[in-house]
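Q: First, the structure itself, so that you have it in front of you.
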Amino acid sequence: LAGIVLWAVLQLIVGGAAQLGYAHFNLNLVDGKDAAISDLFSQKDRLWDGFCMKFLQGLYIALWSLLLVIPGIVKTYSYAMTPYIMSEHPSLTANEAITESRRIMNGNKWRLFCLDFSFIGWELLCSLPLYAGGFLVLKYFTGSEAMAISLVLLLTIPLSIGFFFVRPYEEAAWATFYRDITAAPTEPDEAY
């Protein structure tokens, strides 16, 4: 239990800056710039900003989820572009970035949901070995639950290796989506 709490606190503190760095990496990738591994660590000096971003997003989503599940899901999509906004505009506070994300996602939440849903087949395919491995371990080690749980935990990473390929693809798609909805509208060409 202490390990889980420590992991959650570490994820809250460092995870925000890591998420900002990953957003920076993906935006460079989408923009055709050199996307380097160093981009992932480019936001390490923004631990406080990342913490505030993750904390406020989680708090707001939890509060909306108290109403019902659906408002929580809607707000999750409303706040989805916050890391990209904060990565691109470091002067914004977490609350300002969340507000901006709400503004740009107005009318785009369904599009992002459909984009996420388009990956469902890949995610199910990636989950199959994990569930099959867990089922087999639990089937053959029913007498010793500790051994079964240990084997499932040890097999989690190799059996979910597909996610190491699908998640970056999804993140790049989100960065492309962000670029798409924040692109300045172009004026129609005049007929000559």
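Ordered as shown in the structure tokens, chains take letters A, B, and onward, while each chain numbers its residues from 1 and ligands are numbered from 1 in the order shown.
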List the spatial neighbours of stretch 86-103 of chain A as number ranges by chain - criterion: any atom at most 10 Å away, only C-alpha atoms, same-chain residues fewer than 6 positions off excluded.

A: A: 17, 19-25, 27, 42-43, 46, 48-57, 60, 75-80, 109, 178

Q: Restrict the selected residues to N, CA, C and O atoms and save them as a CSV table (one decimal), in the first residue's frame.

A:
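New file part08.csv:
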chain,number,residue,atom,x,y,z
A,17,ALA,N,5.3,17.3,-15.3
A,17,ALA,CA,6.4,17.8,-16.1
A,17,ALA,C,6.7,16.8,-17.2
A,17,ALA,O,7.1,17.2,-18.3
A,19,GLN,N,4.6,14.9,-18.7
A,19,GLN,CA,3.5,15.0,-19.7
A,19,GLN,C,3.7,16.3,-20.5
A,19,GLN,O,3.5,16.2,-21.7
A,20,LEU,N,4.2,17.3,-19.9
A,20,LEU,CA,4.5,18.5,-20.7
A,20,LEU,C,5.6,18.3,-21.7
A,20,LEU,O,5.6,18.7,-22.8
A,21,GLY,N,6.7,17.5,-21.2
A,21,GLY,CA,7.8,17.2,-22.1
A,21,GLY,C,7.3,16.3,-23.2
A,21,GLY,O,7.8,16.5,-24.4
A,22,TYR,N,6.4,15.4,-23.0
A,22,TYR,CA,5.9,14.5,-24.0
A,22,TYR,C,5.1,15.2,-25.0
A,22,TYR,O,5.1,15.0,-26.2
A,23,ALA,N,4.3,16.2,-24.5
A,23,ALA,CA,3.5,17.1,-25.4
A,23,ALA,C,4.5,17.9,-26.3
A,23,ALA,O,4.2,18.0,-27.5
A,24,HIS,N,5.6,18.4,-25.7
A,24,HIS,CA,6.6,19.2,-26.5
A,24,HIS,C,7.2,18.3,-27.6
A,24,HIS,O,7.3,18.7,-28.7
A,25,PHE,N,7.5,17.1,-27.2
A,25,PHE,CA,8.1,16.1,-28.2
A,25,PHE,C,7.2,15.9,-29.3
A,25,PHE,O,7.5,15.9,-30.5
A,27,LEU,N,4.6,17.7,-30.3
A,27,LEU,CA,4.3,18.9,-31.1
A,27,LEU,C,5.5,19.1,-32.1
A,27,LEU,O,5.3,19.5,-33.3
A,42,SER,N,12.6,18.3,-21.5
A,42,SER,CA,12.8,19.7,-21.7
A,42,SER,C,12.0,20.5,-20.7
A,42,SER,O,12.2,21.7,-20.5
A,43,GLN,N,11.0,19.9,-20.0
A,43,GLN,CA,10.1,20.6,-19.1
A,43,GLN,C,10.4,20.3,-17.6
A,43,GLN,O,9.6,20.5,-16.8
A,46,ARG,N,9.8,22.7,-14.8
A,46,ARG,CA,8.4,23.1,-14.6
A,46,ARG,C,7.7,22.1,-13.8
A,46,ARG,O,6.5,21.8,-14.0
A,48,TRP,N,6.5,22.4,-10.7
A,48,TRP,CA,5.4,23.0,-10.1
A,48,TRP,C,4.2,23.2,-11.1
A,48,TRP,O,3.1,22.9,-10.7
A,49,ASP,N,4.5,23.7,-12.3
A,49,ASP,CA,3.5,23.9,-13.3
A,49,ASP,C,2.8,22.6,-13.6
A,49,ASP,O,1.6,22.5,-13.7
A,50,GLY,N,3.6,21.5,-13.8
A,50,GLY,CA,3.1,20.2,-14.1
A,50,GLY,C,2.3,19.7,-13.0
A,50,GLY,O,1.2,19.1,-13.2
A,51,PHE,N,2.7,19.9,-11.8
A,51,PHE,CA,2.0,19.4,-10.6
A,51,PHE,C,0.6,20.1,-10.6
A,51,PHE,O,-0.4,19.5,-10.4
A,52,CYS,N,0.6,21.4,-10.7
A,52,CYS,CA,-0.6,22.2,-10.7
A,52,CYS,C,-1.6,21.7,-11.8
A,52,CYS,O,-2.8,21.6,-11.6
A,53,MET,N,-1.0,21.5,-13.0
A,53,MET,CA,-1.8,21.1,-14.1
A,53,MET,C,-2.5,19.7,-13.8
A,53,MET,O,-3.7,19.6,-13.9
A,54,LYS,N,-1.8,18.7,-13.4
A,54,LYS,CA,-2.3,17.4,-13.1
A,54,LYS,C,-3.3,17.5,-11.9
A,54,LYS,O,-4.4,16.9,-11.9
A,55,PHE,N,-2.9,18.2,-10.9
A,55,PHE,CA,-3.8,18.3,-9.7
A,55,PHE,C,-5.1,19.0,-10.0
A,55,PHE,O,-6.2,18.5,-9.7
A,56,LEU,N,-5.1,20.1,-10.7
A,56,LEU,CA,-6.3,20.8,-11.0
A,56,LEU,C,-7.2,20.0,-12.0
A,56,LEU,O,-8.4,20.0,-11.9
A,57,GLN,N,-6.5,19.4,-13.0
A,57,GLN,CA,-7.3,18.6,-14.0
A,57,GLN,C,-8.0,17.5,-13.2
A,57,GLN,O,-9.2,17.3,-13.4
A,60,TYR,N,-10.9,18.9,-10.9
A,60,TYR,CA,-12.0,19.4,-11.6
A,60,TYR,C,-12.8,18.2,-12.2
A,60,TYR,O,-14.0,18.1,-12.1
A,75,LYS,N,-15.9,16.6,-19.3
A,75,LYS,CA,-14.8,17.5,-18.8
A,75,LYS,C,-13.4,16.9,-19.0
A,75,LYS,O,-12.5,17.7,-19.3
A,76,THR,N,-13.3,15.6,-19.0
A,76,THR,CA,-12.0,15.0,-19.4
A,76,THR,C,-11.6,15.4,-20.8
A,76,THR,O,-10.4,15.8,-21.0
A,77,TYR,N,-12.6,15.4,-21.7
A,77,TYR,CA,-12.3,15.8,-23.1
A,77,TYR,C,-12.1,17.3,-23.2
A,77,TYR,O,-11.4,17.8,-24.0
A,78,SER,N,-12.8,18.1,-22.3
A,78,SER,CA,-12.7,19.5,-22.3
A,78,SER,C,-11.3,19.9,-21.9
A,78,SER,O,-10.7,20.9,-22.5
A,79,TYR,N,-10.7,19.2,-21.0
A,79,TYR,CA,-9.4,19.6,-20.5
A,79,TYR,C,-8.2,18.9,-21.2
A,79,TYR,O,-7.1,19.0,-20.8
A,80,ALA,N,-8.5,18.1,-22.2
A,80,ALA,CA,-7.5,17.2,-22.8
A,80,ALA,C,-6.3,17.9,-23.5
A,80,ALA,O,-5.2,17.4,-23.5
A,109,LYS,N,-15.1,18.2,-28.8
A,109,LYS,CA,-15.0,17.0,-27.9
A,109,LYS,C,-15.4,15.7,-28.6
A,109,LYS,O,-14.8,14.7,-28.4
A,178,TYR,N,-4.5,18.6,-31.9
A,178,TYR,CA,-4.3,19.9,-31.3
A,178,TYR,C,-3.9,20.9,-32.4
A,178,TYR,O,-4.4,22.0,-32.4

Q: In Å, rounded to a single decimal, give me how far atom CA of A:Glu123 is from atom CA of A:Thr182.

A: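 Computing it gives 27.5 Å between the two atoms.
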
Q: Neighbouring residues of A:Pro168 were defined as those with any atom within 12 Å, considering only C-alpha atoms; residues of the same chain fewer than 4 positions away were excluded. Please report them as a PyMOL selection string.

A: chain A and resi 22-23+25-26+29+119+162-164+172-175

Q: Quick one: pull the distance between atom CA of A:Leu125 and atom CA of A:Ser160, Å, one decimal.

A: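 Between these atoms lies a distance of 9.7 Å.
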
Q: With distances taken over only C-alpha atoms, which residue among A:Tyr131, A:Phe117, A:Trp7, A:Tyr84 lies nearest A:Thr156?

A: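 Result for the nearest residue to A:Thr156: A:Tyr131.
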
Q: So, counting only C-alpha atoms, which residue among A:Ile120, A:Leu47, A:Leu12, A:Ala62 is closest to A:Val74?

A: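 When distances to A:Val74 are compared using only C-alpha atoms, the smallest one comes from A:Ala62.
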